[in-house]
>>> print(open('structure_35.pdb').read())   # PDB, C-alpha atoms, pLDDT in the B column
ATOM      1  CA  MET A 204       0.000   0.000   0.000  1.00 52.00           C
ATOM      2  CA  GLY A 205       2.965   2.290   0.619  1.00 60.00           C
ATOM      3  CA  ILE A 206       4.070   2.146  -3.019  1.00 63.00           C
ATOM      4  CA  LEU A 207       0.615   3.173  -4.265  1.00 59.00           C
ATOM      5  CA  LYS A 208       0.497   6.079  -1.832  1.00 65.00           C
ATOM      6  CA  TRP A 209       3.953   7.236  -2.890  1.00 64.00           C
ATOM      7  CA  THR A 210       3.195   6.940  -6.634  1.00 64.00           C
ATOM      8  CA  GLY A 211      -0.119   8.722  -6.089  1.00 62.00           C
ATOM      9  CA  LYS A 212       1.648  11.651  -4.411  1.00 66.00           C
ATOM     10  CA  ALA A 213       4.288  11.753  -7.141  1.00 66.00           C
ATOM     11  CA  PHE A 214       1.602  11.651  -9.858  1.00 65.00           C
ATOM     12  CA  THR A 215      -0.491  14.446  -8.301  1.00 66.00           C
ATOM     13  CA  SER A 216       2.581  16.634  -7.862  1.00 66.00           C
ATOM     14  CA  VAL A 217       3.220  16.375 -11.612  1.00 67.00           C
ATOM     15  CA  VAL A 218      -0.376  16.352 -12.875  1.00 67.00           C
ATOM     16  CA  ASN A 219      -3.000  18.477 -11.177  1.00 64.00           C
ATOM     17  CA  ILE A 220      -6.115  16.330 -10.916  1.00 65.00           C
ATOM     18  CA  ARG A 221      -8.450  19.043  -9.556  1.00 65.00           C
ATOM     19  CA  VAL A 222     -11.064  19.824 -12.188  1.00 63.00           C
ATOM     20  CA  ASP A 223     -11.689  23.371 -10.916  1.00 64.00           C
ATOM     21  CA  HIS A 224      -8.050  24.196 -11.715  1.00 65.00           C
ATOM     22  CA  TRP A 225      -8.383  22.694 -15.185  1.00 67.00           C
ATOM     23  CA  LEU A 226     -11.442  24.781 -15.986  1.00 69.00           C
ATOM     24  CA  GLY A 227     -10.028  27.982 -14.497  1.00 74.00           C
ATOM     25  CA  VAL A 228     -12.983  28.551 -12.183  1.00 77.00           C
ATOM     26  CA  GLU A 229     -11.315  31.502 -10.446  1.00 82.00           C
ATOM     27  CA  HIS A 230     -10.635  33.163 -13.786  1.00 82.00           C
ATOM     28  CA  ILE A 231     -14.243  32.601 -14.878  1.00 84.00           C
ATOM     29  CA  LYS A 232     -15.542  34.105 -11.611  1.00 87.00           C
ATOM     30  CA  HIS A 233     -13.295  37.144 -12.063  1.00 89.00           C
ATOM     31  CA  SER A 234     -14.435  37.578 -15.681  1.00 90.00           C
ATOM     32  CA  VAL A 235     -18.111  37.374 -14.719  1.00 91.00           C
ATOM     33  CA  LYS A 236     -17.638  39.973 -11.964  1.00 93.00           C
ATOM     34  CA  GLN A 237     -15.837  42.294 -14.392  1.00 93.00           C
ATOM     35  CA  THR A 238     -18.608  41.887 -16.961  1.00 91.00           C
ATOM     36  CA  ILE A 239     -21.310  42.665 -14.392  1.00 91.00           C
ATOM     37  CA  ASN A 240     -19.440  45.755 -13.170  1.00 89.00           C
ATOM     38  CA  SER A 241     -18.891  46.971 -16.738  1.00 88.00           C
ATOM     39  CA  ASN A 242     -22.571  46.543 -17.557  1.00 86.00           C
ATOM     40  CA  LYS A 243     -23.536  48.459 -14.413  1.00 84.00           C
ATOM     41  CA  ASP A 244     -21.240  51.301 -15.475  1.00 82.00           C
ATOM     42  CA  ILE A 245     -22.735  51.324 -18.961  1.00 81.00           C
ATOM     43  CA  PHE A 246     -26.437  50.964 -18.231  1.00 81.00           C
ATOM     44  CA  ILE A 247     -26.871  52.775 -14.908  1.00 81.00           C
ATOM     45  CA  PRO A 248     -26.622  56.526 -15.568  1.00 74.00           C
ATOM     46  CA  GLU A 249     -24.677  58.770 -13.260  1.00 75.00           C
ATOM     47  CA  GLN A 250     -26.647  61.281 -11.233  1.00 77.00           C
ATOM     48  CA  ALA A 251     -25.853  64.958 -11.636  1.00 71.00           C
ATOM     49  CA  GLU A 252     -23.667  66.408  -8.906  1.00 76.00           C
ATOM     50  CA  ARG A 253     -25.400  69.781  -8.949  1.00 74.00           C
ATOM     51  CA  VAL A 254     -28.810  71.003 -10.047  1.00 78.00           C
ATOM     52  CA  GLU A 255     -28.568  74.216 -12.040  1.00 78.00           C
ATOM     53  CA  THR A 256     -30.258  75.959 -14.908  1.00 80.00           C
ATOM     54  CA  PHE A 257     -28.758  76.550 -18.319  1.00 77.00           C
ATOM     55  CA  GLU A 258     -27.996  80.188 -17.523  1.00 82.00           C
ATOM     56  CA  GLU A 259     -26.331  79.283 -14.207  1.00 82.00           C
ATOM     57  CA  SER A 260     -24.099  76.767 -15.969  1.00 81.00           C
ATOM     58  CA  LEU A 261     -23.133  79.391 -18.573  1.00 81.00           C
ATOM     59  CA  ASN A 262     -22.125  81.760 -15.779  1.00 83.00           C
ATOM     60  CA  ARG A 263     -20.239  79.047 -13.882  1.00 82.00           C
ATOM     61  CA  LEU A 264     -18.281  77.971 -16.968  1.00 83.00           C
ATOM     62  CA  ASP A 265     -17.767  81.570 -18.212  1.00 83.00           C
ATOM     63  CA  ILE A 266     -19.359  80.897 -21.595  1.00 80.00           C
ATOM     64  CA  THR A 267     -20.551  83.937 -23.505  1.00 84.00           C
ATOM     65  CA  GLU A 268     -23.290  84.068 -26.117  1.00 85.00           C
ATOM     66  CA  LYS A 269     -20.620  84.336 -28.798  1.00 88.00           C
ATOM     67  CA  ASP A 270     -18.986  81.131 -27.533  1.00 86.00           C
ATOM     68  CA  LEU A 271     -22.392  79.477 -27.510  1.00 87.00           C
ATOM     69  CA  LYS A 272     -23.013  80.452 -31.150  1.00 90.00           C
ATOM     70  CA  THR A 273     -19.571  79.087 -32.068  1.00 90.00           C
ATOM     71  CA  LYS A 274     -20.340  75.789 -30.330  1.00 89.00           C
ATOM     72  CA  GLU A 275     -23.694  75.657 -32.092  1.00 91.00           C
ATOM     73  CA  THR A 276     -22.118  76.042 -35.543  1.00 93.00           C
ATOM     74  CA  ASN A 277     -19.427  73.487 -34.646  1.00 93.00           C
ATOM     75  CA  PHE A 278     -22.077  70.983 -33.569  1.00 92.00           C
ATOM     76  CA  ILE A 279     -23.986  71.537 -36.818  1.00 93.00           C
ATOM     77  CA  ARG A 280     -20.815  70.915 -38.834  1.00 95.00           C
ATOM     78  CA  LEU A 281     -19.868  67.814 -36.822  1.00 95.00           C
ATOM     79  CA  PHE A 282     -23.414  66.468 -37.127  1.00 95.00           C
ATOM     80  CA  ALA A 283     -23.344  66.944 -40.905  1.00 96.00           C
ATOM     81  CA  ILE A 284     -19.869  65.418 -41.278  1.00 96.00           C
ATOM     82  CA  HIS A 285     -20.770  62.279 -39.317  1.00 96.00           C
ATOM     83  CA  LEU A 286     -24.054  61.937 -41.169  1.00 96.00           C
ATOM     84  CA  LEU A 287     -22.167  62.212 -44.473  1.00 96.00           C
ATOM     85  CA  ILE A 288     -19.629  59.599 -43.339  1.00 96.00           C
ATOM     86  CA  SER A 289     -22.430  57.195 -42.427  1.00 96.00           C
ATOM     87  CA  LEU A 290     -24.107  57.816 -45.808  1.00 96.00           C
ATOM     88  CA  ILE A 291     -20.835  57.046 -47.621  1.00 96.00           C
ATOM     89  CA  ILE A 292     -20.391  53.836 -45.621  1.00 95.00           C
ATOM     90  CA  PHE A 293     -24.000  52.881 -46.367  1.00 95.00           C
ATOM     91  CA  CYS A 294     -23.429  53.358 -50.106  1.00 95.00           C
ATOM     92  CA  TYR A 295     -20.281  51.271 -49.828  1.00 95.00           C
ATOM     93  CA  SER A 296     -22.221  48.509 -48.065  1.00 95.00           C
ATOM     94  CA  ILE A 297     -24.764  48.514 -50.912  1.00 95.00           C
ATOM     95  CA  PHE A 298     -21.857  48.220 -53.350  1.00 95.00           C
ATOM     96  CA  LEU A 299     -20.487  45.266 -51.382  1.00 94.00           C
ATOM     97  CA  PHE A 300     -23.879  43.549 -51.334  1.00 94.00           C
ATOM     98  CA  TYR A 301     -24.224  44.152 -55.083  1.00 95.00           C
ATOM     99  CA  ASN A 302     -20.877  42.401 -55.592  1.00 94.00           C
ATOM    100  CA  LYS A 303     -22.082  39.527 -53.382  1.00 93.00           C
ATOM    101  CA  ASN A 304     -19.586  40.251 -50.626  1.00 93.00           C
ATOM    102  CA  TRP A 305     -22.040  39.458 -47.842  1.00 93.00           C
ATOM    103  CA  ILE A 306     -19.605  39.505 -44.922  1.00 94.00           C
ATOM    104  CA  GLY A 307     -18.090  42.826 -46.003  1.00 92.00           C
ATOM    105  CA  GLY A 308     -21.541  44.344 -46.487  1.00 92.00           C
ATOM    106  CA  ILE A 309     -22.673  43.239 -43.046  1.00 94.00           C
ATOM    107  CA  MET A 310     -19.477  44.596 -41.523  1.00 94.00           C
ATOM    108  CA  ALA A 311     -19.986  47.926 -43.298  1.00 93.00           C
ATOM    109  CA  LEU A 312     -23.546  48.108 -41.973  1.00 93.00           C
ATOM    110  CA  CYS A 313     -22.234  47.461 -38.477  1.00 93.00           C
ATOM    111  CA  LEU A 314     -19.596  50.137 -38.982  1.00 94.00           C
ATOM    112  CA  ILE A 315     -22.319  52.716 -39.675  1.00 94.00           C
ATOM    113  CA  SER A 316     -23.392  52.613 -36.035  1.00 93.00           C
ATOM    114  CA  TYR A 317     -20.332  54.581 -34.849  1.00 94.00           C
ATOM    115  CA  PRO A 318     -20.689  57.711 -37.018  1.00 95.00           C
ATOM    116  CA  LEU A 319     -24.466  57.614 -36.506  1.00 94.00           C
ATOM    117  CA  SER A 320     -24.034  57.549 -32.737  1.00 94.00           C
ATOM    118  CA  LEU A 321     -21.660  60.517 -32.946  1.00 94.00           C
ATOM    119  CA  ALA A 322     -24.121  62.350 -35.210  1.00 94.00           C
ATOM    120  CA  PHE A 323     -26.855  61.716 -32.640  1.00 92.00           C
ATOM    121  CA  ARG A 324     -24.615  63.000 -29.840  1.00 91.00           C
ATOM    122  CA  PHE A 325     -23.855  66.284 -31.604  1.00 93.00           C
ATOM    123  CA  HIS A 326     -27.471  66.781 -32.653  1.00 92.00           C
ATOM    124  CA  PHE A 327     -28.623  66.124 -29.086  1.00 91.00           C
ATOM    125  CA  TRP A 328     -26.150  68.676 -27.718  1.00 88.00           C
ATOM    126  CA  LEU A 329     -27.309  71.133 -30.381  1.00 91.00           C
ATOM    127  CA  PHE A 330     -30.907  70.506 -29.320  1.00 91.00           C
ATOM    128  CA  GLN A 331     -30.051  71.298 -25.699  1.00 88.00           C
ATOM    129  CA  ILE A 332     -28.296  74.534 -26.712  1.00 87.00           C
ATOM    130  CA  LYS A 333     -31.205  75.643 -28.901  1.00 87.00           C
ATOM    131  CA  ASN A 334     -33.753  74.884 -26.169  1.00 84.00           C
ATOM    132  CA  ARG A 335     -31.486  76.367 -23.486  1.00 80.00           C
ATOM    133  CA  LYS A 336     -32.199  73.433 -21.207  1.00 80.00           C
ATOM    134  CA  LEU A 337     -29.793  70.957 -19.651  1.00 80.00           C
ATOM    135  CA  GLY A 338     -30.708  67.345 -18.992  1.00 77.00           C
ATOM    136  CA  CYS A 339     -33.180  66.916 -21.838  1.00 76.00           C
ATOM    137  CA  SER A 340     -34.485  63.415 -22.314  1.00 78.00           C
ATOM    138  CA  ILE A 341     -34.388  61.372 -25.485  1.00 80.00           C
ATOM    139  CA  LYS A 342     -38.180  61.571 -25.589  1.00 84.00           C
ATOM    140  CA  GLU A 343     -38.074  65.388 -25.595  1.00 81.00           C
ATOM    141  CA  TRP A 344     -35.482  65.318 -28.358  1.00 81.00           C
ATOM    142  CA  TRP A 345     -37.546  62.866 -30.427  1.00 83.00           C
ATOM    143  CA  ASN A 346     -40.783  64.847 -30.031  1.00 83.00           C
ATOM    144  CA  ASN A 347     -39.206  68.212 -30.927  1.00 82.00           C
ATOM    145  CA  THR A 348     -37.042  67.237 -33.888  1.00 68.00           C
TER     146      THR A 348
END
>>> encode(input="structure_35.pdb", output="structure tokens")
Amino acid sequence: MGILKWTGKAFTSVVNIRVDHWLGVEHIKHSVKQTINSNKDIFIPEQAERVETFEESLNRLDITEKDLKTKETNFIRLFAIHLLISLIIFCYSIFLFYNKNWIGGIMALCLISYPLSLAFRFHFWLFQIKNRKLGCSIKEWWNNT
């Protein structure tokens, strides 16, 4: 019996027979926790630190009406540029589908989401400047555009 015990100890020191170490359970737990924390950061919005009106924020940040007009024109330009980029990518995706490059066309359609999200961001900021209201909701933006 002594030989079997000795060979068993020698074998387990060379080969780890614990299944949880094979599967990397600790690594999986860590990955799941990181994923949950990332999703919380993404989907749970941060609360505003201070409650102030649009005019109060202009005074606090020392933004003049001239600066505001400049930002407004910049947002219009950035909105138009990103919308144009997404239109060009959309035309390219149609070209890829026409040439039966299905994977490339699908990838191009997926790529459109980035410039469209930036176009939405700049248009939303422009909407808040035009309405002179901070903290507008998506519903307000949708109903007034």
>>> resolve_selection(input="structure_35.pdb", expression="the PyMOL selection byres ((chain A and resi 273-290) around 8)", output="list in words")
Lys269, Asp270, Leu271, Lys272, Ile291, Ile292, Phe293, Cys294, Ile315, Ser316, Pro318, Leu319, Leu321, Ala322, Phe323, Phe325, His326, Trp328, Leu329 and Ile332 of chain A
>>> closest_atom_pairs(input="structure_35.pdb", of="range 324-345 of chain A", to="range 247-266 of chain A", cutoff="8 Å", atoms="all atoms listed in the file", output="tab-separated table")
residue	atom	partner	partner_atom	distance
A:Arg335	CA	A:Phe257	CA	5.8
A:Lys336	CA	A:Phe257	CA	5.5
A:Leu337	CA	A:Phe257	CA	5.8
>>> write_last_selection(input="structure_35.pdb", atoms="C-alpha atoms", output="PDB file, in the coordinates of the input")
ATOM      1  CA  ARG A 335     -31.486  76.367 -23.486  1.00 80.00           C
ATOM      2  CA  LYS A 336     -32.199  73.433 -21.207  1.00 80.00           C
ATOM      3  CA  LEU A 337     -29.793  70.957 -19.651  1.00 80.00           C
TER       4      LEU A 337
END
>>> atom_distance(input="structure_35.pdb", atom1="CA of Ala311 in chain A", atom2="CA of Arg324 in chain A")
20.7 Å
>>> closest_residue(input="structure_35.pdb", among="A:Trp345, A:Leu314, A:Gly227, A:Ile297", to="Phe327 in chain A", atoms="only C-alpha atoms")
A:Trp345
>>> atom_distance(input="structure_35.pdb", atom1="CA of Tyr301 in chain A", atom2="CA of Ser320 in chain A")
26.1 Å
>>> atom_distance(input="structure_35.pdb", atom1="CA of Gly308 in chain A", atom2="CA of Ser296 in chain A")
4.5 Å
>>> build_atoms(input="structure_35.pdb", residues="range 258-286 of chain A", atoms="N, CA and C atoms", output="short mmCIF file (atom, residue, chain, number, x, y, z; two decimals), in the frame of the given file")
data_model
loop_
_atom_site.label_atom_id
_atom_site.label_comp_id
_atom_site.auth_asym_id
_atom_site.auth_seq_id
_atom_site.Cartn_x
_atom_site.Cartn_y
_atom_site.Cartn_z
N GLU A 258 -28.66 78.89 -17.72
CA GLU A 258 -28.00 80.19 -17.52
C GLU A 258 -26.96 80.12 -16.40
N GLU A 259 -27.29 79.42 -15.31
CA GLU A 259 -26.33 79.28 -14.21
C GLU A 259 -25.08 78.53 -14.66
N SER A 260 -25.27 77.52 -15.48
CA SER A 260 -24.10 76.77 -15.97
C SER A 260 -23.25 77.62 -16.92
N LEU A 261 -23.90 78.49 -17.71
CA LEU A 261 -23.13 79.39 -18.57
C LEU A 261 -22.29 80.34 -17.74
N ASN A 262 -22.87 80.86 -16.67
CA ASN A 262 -22.12 81.76 -15.78
C ASN A 262 -20.99 81.03 -15.07
N ARG A 263 -21.26 79.81 -14.60
CA ARG A 263 -20.24 79.05 -13.88
C ARG A 263 -19.06 78.70 -14.78
N LEU A 264 -19.34 78.37 -16.04
CA LEU A 264 -18.28 77.97 -16.97
C LEU A 264 -17.71 79.15 -17.76
N ASP A 265 -18.21 80.35 -17.51
CA ASP A 265 -17.77 81.57 -18.21
C ASP A 265 -17.90 81.43 -19.73
N ILE A 266 -19.07 81.03 -20.17
CA ILE A 266 -19.36 80.90 -21.60
C ILE A 266 -20.23 82.06 -22.01
N THR A 267 -19.78 82.79 -23.01
CA THR A 267 -20.55 83.94 -23.50
C THR A 267 -21.50 83.47 -24.61
N GLU A 268 -22.37 84.39 -25.03
CA GLU A 268 -23.29 84.07 -26.12
C GLU A 268 -22.54 83.83 -27.42
N LYS A 269 -21.43 84.54 -27.60
CA LYS A 269 -20.62 84.34 -28.80
C LYS A 269 -20.01 82.93 -28.80
N ASP A 270 -19.52 82.49 -27.65
CA ASP A 270 -18.99 81.13 -27.53
C ASP A 270 -20.07 80.10 -27.80
N LEU A 271 -21.27 80.40 -27.32
CA LEU A 271 -22.39 79.48 -27.51
C LEU A 271 -22.75 79.36 -28.99
N LYS A 272 -22.74 80.48 -29.70
CA LYS A 272 -23.01 80.45 -31.15
C LYS A 272 -21.93 79.67 -31.89
N THR A 273 -20.68 79.82 -31.46
CA THR A 273 -19.57 79.09 -32.07
C THR A 273 -19.75 77.59 -31.85
N LYS A 274 -20.10 77.21 -30.62
CA LYS A 274 -20.34 75.79 -30.33
C LYS A 274 -21.51 75.26 -31.15
N GLU A 275 -22.53 76.08 -31.31
CA GLU A 275 -23.69 75.66 -32.09
C GLU A 275 -23.31 75.38 -33.54
N THR A 276 -22.53 76.28 -34.15
CA THR A 276 -22.12 76.04 -35.54
C THR A 276 -21.17 74.84 -35.64
N ASN A 277 -20.32 74.66 -34.64
CA ASN A 277 -19.43 73.49 -34.65
C ASN A 277 -20.23 72.20 -34.55
N PHE A 278 -21.25 72.18 -33.70
CA PHE A 278 -22.08 70.98 -33.57
C PHE A 278 -22.84 70.70 -34.86
N ILE A 279 -23.29 71.74 -35.54
CA ILE A 279 -23.99 71.54 -36.82
C ILE A 279 -23.03 70.92 -37.83
N ARG A 280 -21.81 71.45 -37.90
CA ARG A 280 -20.82 70.92 -38.83
C ARG A 280 -20.46 69.46 -38.50
N LEU A 281 -20.23 69.18 -37.21
CA LEU A 281 -19.87 67.81 -36.82
C LEU A 281 -21.02 66.85 -37.08
N PHE A 282 -22.24 67.30 -36.84
CA PHE A 282 -23.41 66.47 -37.13
C PHE A 282 -23.47 66.13 -38.61
N ALA A 283 -23.28 67.15 -39.46
CA ALA A 283 -23.34 66.94 -40.90
C ALA A 283 -22.22 66.04 -41.39
N ILE A 284 -21.02 66.24 -40.86
CA ILE A 284 -19.87 65.42 -41.28
C ILE A 284 -20.10 63.95 -40.93
N HIS A 285 -20.56 63.68 -39.72
CA HIS A 285 -20.77 62.28 -39.32
C HIS A 285 -21.95 61.65 -40.06
N LEU A 286 -22.95 62.45 -40.37
CA LEU A 286 -24.05 61.94 -41.17
C LEU A 286 -23.58 61.61 -42.58
#
